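> Structure supplied as model.csv; contents: CSV, C-alpha atoms.
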```csv
chain,number,residue,atom,x,y,z
A,1,MET,CA,-140.1,86.0,78.9
A,2,ARG,CA,-138.6,83.2,76.8
A,3,LEU,CA,-137.9,85.7,74.0
A,4,PHE,CA,-135.9,87.8,76.4
A,5,TRP,CA,-133.8,84.9,77.7
A,6,THR,CA,-133.3,83.5,74.3
A,7,PHE,CA,-131.8,86.7,72.9
A,8,LEU,CA,-129.9,87.4,76.1
A,9,LYS,CA,-128.2,84.0,75.7
A,10,ILE,CA,-127.4,84.8,72.1
A,11,GLY,CA,-126.1,88.2,73.1
A,12,MET,CA,-123.8,86.6,75.7
A,13,PHE,CA,-122.3,83.9,73.6
A,14,GLY,CA,-122.5,85.5,70.1
A,15,PHE,CA,-118.8,86.3,69.7
A,16,GLY,CA,-117.7,87.6,66.3
A,17,GLY,CA,-120.5,90.1,65.6
A,18,GLY,CA,-123.8,89.8,63.9
A,19,TYR,CA,-122.9,87.3,61.2
A,20,ALA,CA,-121.6,84.9,63.8
A,21,MET,CA,-125.0,85.3,65.6
A,22,ILE,CA,-127.1,84.3,62.7
A,23,SER,CA,-126.5,80.5,63.2
A,24,MET,CA,-127.3,80.9,66.9
A,25,ILE,CA,-130.5,82.8,66.2
A,26,GLN,CA,-131.6,80.3,63.6
A,27,GLY,CA,-130.8,77.4,65.9
A,28,GLU,CA,-133.0,78.9,68.7
A,29,VAL,CA,-135.9,80.5,66.8
A,30,VAL,CA,-136.3,78.0,63.9
A,31,SER,CA,-135.0,74.7,65.2
A,32,ARG,CA,-135.5,74.8,68.9
A,33,TYR,CA,-138.7,76.8,69.4
A,34,GLY,CA,-140.2,76.8,65.9
A,35,TRP,CA,-141.2,80.5,66.2
A,36,LEU,CA,-140.3,81.0,62.5
A,37,THR,CA,-139.9,78.8,59.4
A,38,THR,CA,-136.6,78.5,57.6
A,39,GLY,CA,-138.1,80.6,54.8
A,40,GLN,CA,-139.2,83.4,57.1
A,41,PHE,CA,-135.8,83.4,58.8
A,42,THR,CA,-134.0,83.6,55.5
A,43,ASP,CA,-136.2,86.6,54.5
A,44,ILE,CA,-135.4,88.2,57.9
A,45,VAL,CA,-131.7,87.8,57.3
A,46,ALA,CA,-132.0,89.3,53.8
A,47,VAL,CA,-133.9,92.3,55.2
A,48,SER,CA,-131.4,92.6,58.0
A,49,GLN,CA,-128.5,92.7,55.6
A,50,SER,CA,-130.1,95.4,53.4
A,51,THR,CA,-131.1,97.8,56.2
A,52,PRO,CA,-128.7,100.1,58.0
A,53,GLY,CA,-127.2,98.9,61.3
A,54,PRO,CA,-125.6,95.8,62.7
A,55,ILE,CA,-127.1,92.6,61.2
A,56,GLY,CA,-127.3,90.8,64.6
A,57,ILE,CA,-129.4,93.7,66.1
A,58,ASN,CA,-131.5,94.0,63.0
A,59,SER,CA,-132.2,90.3,63.0
A,60,ALA,CA,-133.1,90.3,66.7
A,61,THR,CA,-135.5,93.2,66.0
A,62,TYR,CA,-137.2,91.5,63.1
A,63,VAL,CA,-137.3,88.1,64.8
A,64,GLY,CA,-138.8,89.6,67.9
A,65,TYR,CA,-141.6,91.2,65.9
A,66,SER,CA,-142.3,88.2,63.6
A,67,SER,CA,-142.2,85.6,66.4
A,68,VAL,CA,-144.8,87.5,68.5
A,69,VAL,CA,-147.0,88.2,65.5
A,70,ASN,CA,-146.7,84.6,64.3
A,71,ALA,CA,-147.8,83.5,67.8
A,72,GLY,CA,-151.2,85.2,67.1
A,73,PHE,CA,-150.7,88.5,68.9
A,74,SER,CA,-151.4,92.0,67.4
A,75,PRO,CA,-148.7,94.0,65.6
A,76,TYR,CA,-148.6,96.3,68.7
A,77,TRP,CA,-147.4,93.3,70.7
A,78,GLY,CA,-144.9,92.6,67.9
A,79,ILE,CA,-143.4,96.0,68.4
A,80,LEU,CA,-142.9,95.1,72.1
A,81,GLY,CA,-141.3,91.8,71.0
A,82,SER,CA,-138.9,93.8,68.8
A,83,PHE,CA,-137.9,95.9,71.7
A,84,ILE,CA,-137.5,93.0,74.1
A,85,ALA,CA,-135.3,91.0,71.6
A,86,THR,CA,-133.2,94.0,70.7
A,87,PHE,CA,-132.7,95.0,74.3
A,88,ALA,CA,-131.8,91.5,75.3
A,89,VAL,CA,-129.2,90.9,72.5
A,90,VAL,CA,-127.5,94.3,73.2
A,91,LEU,CA,-127.5,94.1,77.0
A,92,PRO,CA,-124.6,91.7,77.5
A,93,SER,CA,-122.4,93.6,75.1
A,94,PHE,CA,-123.2,96.9,76.8
A,95,ILE,CA,-122.4,95.5,80.3
A,96,LEU,CA,-119.3,93.9,79.0
A,97,MET,CA,-118.0,97.1,77.3
A,98,LEU,CA,-118.6,99.0,80.5
A,99,ALA,CA,-116.6,96.5,82.5
A,100,ILE,CA,-113.8,96.3,79.9
A,101,SER,CA,-113.5,100.0,79.5
A,102,LYS,CA,-112.9,100.3,83.3
A,103,PHE,CA,-110.1,97.7,83.4
A,104,PHE,CA,-108.6,97.9,79.9
A,105,MET,CA,-106.0,100.5,80.6
A,106,LYS,CA,-104.8,98.6,83.7
A,107,TYR,CA,-104.4,95.2,81.9
A,108,LYS,CA,-103.8,96.2,78.3
A,109,ASP,CA,-100.2,94.9,78.3
A,110,SER,CA,-101.0,91.5,80.0
A,111,ALA,CA,-99.9,88.5,78.0
A,112,SER,CA,-102.7,86.3,79.3
A,113,ILE,CA,-105.3,88.8,78.0
A,114,GLY,CA,-103.6,88.7,74.6
A,115,HIS,CA,-103.6,84.9,74.6
A,116,ALA,CA,-107.3,84.8,75.5
A,117,LEU,CA,-108.2,87.0,72.6
A,118,MET,CA,-106.1,85.0,70.3
A,119,GLY,CA,-108.0,81.9,71.4
A,120,LEU,CA,-111.3,83.4,70.5
A,121,ARG,CA,-110.3,83.9,66.8
A,122,PRO,CA,-110.9,80.3,65.7
A,123,ALA,CA,-114.3,80.3,67.4
A,124,VAL,CA,-115.3,83.5,65.5
A,125,VAL,CA,-114.2,81.9,62.2
A,126,GLY,CA,-116.2,78.8,63.0
A,127,LEU,CA,-119.3,80.8,63.8
A,128,LEU,CA,-119.0,82.8,60.6
A,129,ALA,CA,-118.6,79.6,58.6
A,130,ALA,CA,-121.7,78.1,60.3
A,131,ALA,CA,-123.7,81.2,59.4
A,132,SER,CA,-122.5,81.0,55.7
A,133,LEU,CA,-123.4,77.3,55.5
A,134,LEU,CA,-126.8,77.8,57.0
A,135,LEU,CA,-127.6,80.3,54.3
A,136,MET,CA,-126.6,77.8,51.6
A,137,ASN,CA,-129.9,76.0,51.8
A,138,GLU,CA,-132.4,74.9,49.3
A,139,GLU,CA,-134.5,78.1,49.6
A,140,ASN,CA,-131.5,80.3,48.6
A,141,PHE,CA,-129.7,78.0,46.1
A,142,SER,CA,-132.5,75.5,45.2
A,143,THR,CA,-131.3,72.1,44.0
A,144,PRO,CA,-130.1,70.8,40.6
A,145,GLN,CA,-133.2,68.6,40.5
A,146,ALA,CA,-135.8,71.2,41.6
A,147,ASN,CA,-134.6,74.2,39.7
A,148,PRO,CA,-131.3,73.8,37.8
A,149,TRP,CA,-131.3,77.3,36.5
A,150,GLN,CA,-131.6,78.9,40.0
A,151,PHE,CA,-129.1,76.4,41.4
A,152,TRP,CA,-126.3,77.0,38.8
A,153,ILE,CA,-126.8,80.8,38.7
A,154,SER,CA,-126.6,80.9,42.5
A,155,VAL,CA,-123.5,78.7,42.5
A,156,GLY,CA,-122.0,80.9,39.8
A,157,LEU,CA,-122.7,84.1,41.6
A,158,PHE,CA,-121.3,82.6,44.8
A,159,ALA,CA,-118.1,81.6,43.0
A,160,PHE,CA,-117.8,85.0,41.3
A,161,ALA,CA,-118.1,86.8,44.6
A,162,PHE,CA,-115.7,84.5,46.3
A,163,ILE,CA,-113.0,84.7,43.6
A,164,GLY,CA,-113.6,88.4,43.2
A,165,GLN,CA,-113.0,89.0,46.9
A,166,GLN,CA,-110.3,86.5,47.6
A,167,VAL,CA,-108.2,86.6,44.4
A,168,TYR,CA,-108.8,90.1,42.9
A,169,ARG,CA,-109.6,91.9,46.2
A,170,MET,CA,-112.6,93.6,44.6
A,171,ASN,CA,-114.5,96.2,46.6
A,172,PRO,CA,-117.3,94.4,48.5
A,173,ILE,CA,-119.9,97.1,47.5
A,174,HIS,CA,-119.1,96.6,43.8
A,175,LEU,CA,-119.4,92.9,44.2
A,176,LEU,CA,-122.8,93.2,45.9
A,177,LEU,CA,-124.1,95.6,43.3
A,178,MET,CA,-122.9,93.3,40.4
A,179,CYS,CA,-124.3,90.2,42.0
A,180,GLY,CA,-127.6,91.9,42.8
A,181,LEU,CA,-127.9,93.2,39.2
A,182,ALA,CA,-127.0,89.8,37.8
A,183,GLY,CA,-129.6,88.2,40.1
A,184,ILE,CA,-132.3,90.7,39.0
A,185,ILE,CA,-131.5,90.1,35.3
A,186,LEU,CA,-131.1,86.3,35.5
A,187,PHE,CA,-134.0,85.5,37.9
```
What's the structure tokens form of this structure?

Amino acid sequence: MRLFWTFLKIGMFGFGGGYAMISMIQGEVVSRYGWLTTGQFTDIVAVSQSTPGPIGINSATYVGYSSVVNAGFSPYWGILGSFIATFAVVLPSFILMLAISKFFMKYKDSASIGHALMGLRPAVVGLLAAASLLLMNEENFSTPQANPWQFWISVGLFAFAFIGQQVYRMNPIHLLLMCGLAGIILF
């Protein structure tokens, strides 16, 4: 039941899509409840990014499974945990979209609706920044003292991707492939 309510809350307040939800998911399942370790959560985010579908839903599915199995239940119960977490994170958006689609045409030209949506933009940017900063941890980047090679290569790949995207407007798929290939070769 706690799994359902946790992901329902994340689904209700996770404005900005899946990447914005990552920091909320980590705060709940790693920090608050301790269902997963930081390393397990980082692995789940990596798998969620590499599988088809929205990252927030993929993360909820994997976290639902892993948290139930980590609690000592069988993998069959883990599948149920996946279903519960996925259903709970999608439910608020589904209900909201039904309500919005009903009233959108009536209020689409309202200035107050436009201002409300403009007010959400900074919150979305903040949630995306929080998700990025949460992934810049010791397990992903290491530290200069623990593993200088991994740290500086990680920083270099990050800088390359950032500059490639922001300055040269490189195709994100090409950036991912180049950084992935560099990571395979250098690590």
> From the set A:Ser112, A:Asn140, A:Ser93, A:Gln145, which residue has the shortest atom-to-atom contact distance to Leu8 of chain A, counting only C-alpha atoms?
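When distances to Leu8 of chain A are compared using only C-alpha atoms, the smallest one comes from A:Ser93.
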> Would you kindly return, as a list in words, each protein, DNA or RNA residue with an atom no farther than 12 Å from any atom of Met1 of chain A, considering all atoms listed in the file and excluding same-chain residues fewer than 2 positions away?
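My list of contacting residues is Leu3, Phe4, Trp5, Thr6, Phe7, Leu8, Gly64, Val68, Leu80, Gly81, Ile84, Ala85 and Ala88 of chain A.
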> Counting all atoms listed in the file, I want the residues whose atoms come within 8 Å of (-118.3, 82.6, 63.8) in the file frame, returned as a short mmCIF file (atom, residue, chain, number, x, y, z; two decimals) with C-alpha atoms, in the coordinates of the input.

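Result file follows (out-v5.cif):
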```cif
data_model
loop_
_atom_site.label_atom_id
_atom_site.label_comp_id
_atom_site.auth_asym_id
_atom_site.auth_seq_id
_atom_site.Cartn_x
_atom_site.Cartn_y
_atom_site.Cartn_z
CA PHE A 15 -118.80 86.30 69.70
CA GLY A 16 -117.70 87.60 66.30
CA TYR A 19 -122.90 87.30 61.20
CA ALA A 20 -121.60 84.90 63.80
CA MET A 21 -125.00 85.30 65.60
CA PRO A 122 -110.90 80.30 65.70
CA ALA A 123 -114.30 80.30 67.40
CA VAL A 124 -115.30 83.50 65.50
CA VAL A 125 -114.20 81.90 62.20
CA GLY A 126 -116.20 78.80 63.00
CA LEU A 127 -119.30 80.80 63.80
CA LEU A 128 -119.00 82.80 60.60
CA ALA A 129 -118.60 79.60 58.60
CA ALA A 130 -121.70 78.10 60.30
CA ALA A 131 -123.70 81.20 59.40
#
```
> For atom CA of Lys108 of chain A and atom CA of Phe13 of chain A, quote the distance in Å rounded to one decimal.
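These atoms are spaced 22.7 Å apart.
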> Please report the interatomic distance between atom CA of Val89 of chain A and atom CA of Ala116 of chain A in Å with one decimal.
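If I compute the distance from atom CA of Val89 of chain A to atom CA of Ala116 of chain A, I get 22.9 Å.
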> Please provide as a short mmCIF file (atom, residue, chain, number, x, y, z; two decimals) with C-alpha atoms, keeping the file's coordinate frame all residues within 12 Å of Thr37 of chain A, with the sequence filter that same-chain residues fewer than 3 positions apart are discarded (counting all atoms listed in the file).

```
data_model
loop_
_atom_site.label_atom_id
_atom_site.label_comp_id
_atom_site.auth_asym_id
_atom_site.auth_seq_id
_atom_site.Cartn_x
_atom_site.Cartn_y
_atom_site.Cartn_z
CA GLN A 26 -131.60 80.30 63.60
CA GLY A 27 -130.80 77.40 65.90
CA GLU A 28 -133.00 78.90 68.70
CA VAL A 29 -135.90 80.50 66.80
CA VAL A 30 -136.30 78.00 63.90
CA SER A 31 -135.00 74.70 65.20
CA ARG A 32 -135.50 74.80 68.90
CA TYR A 33 -138.70 76.80 69.40
CA GLY A 34 -140.20 76.80 65.90
CA GLN A 40 -139.20 83.40 57.10
CA PHE A 41 -135.80 83.40 58.80
CA THR A 42 -134.00 83.60 55.50
CA ASP A 43 -136.20 86.60 54.50
CA ILE A 44 -135.40 88.20 57.90
CA VAL A 63 -137.30 88.10 64.80
CA SER A 66 -142.30 88.20 63.60
CA SER A 67 -142.20 85.60 66.40
CA ASN A 70 -146.70 84.60 64.30
CA GLU A 139 -134.50 78.10 49.60
#
```
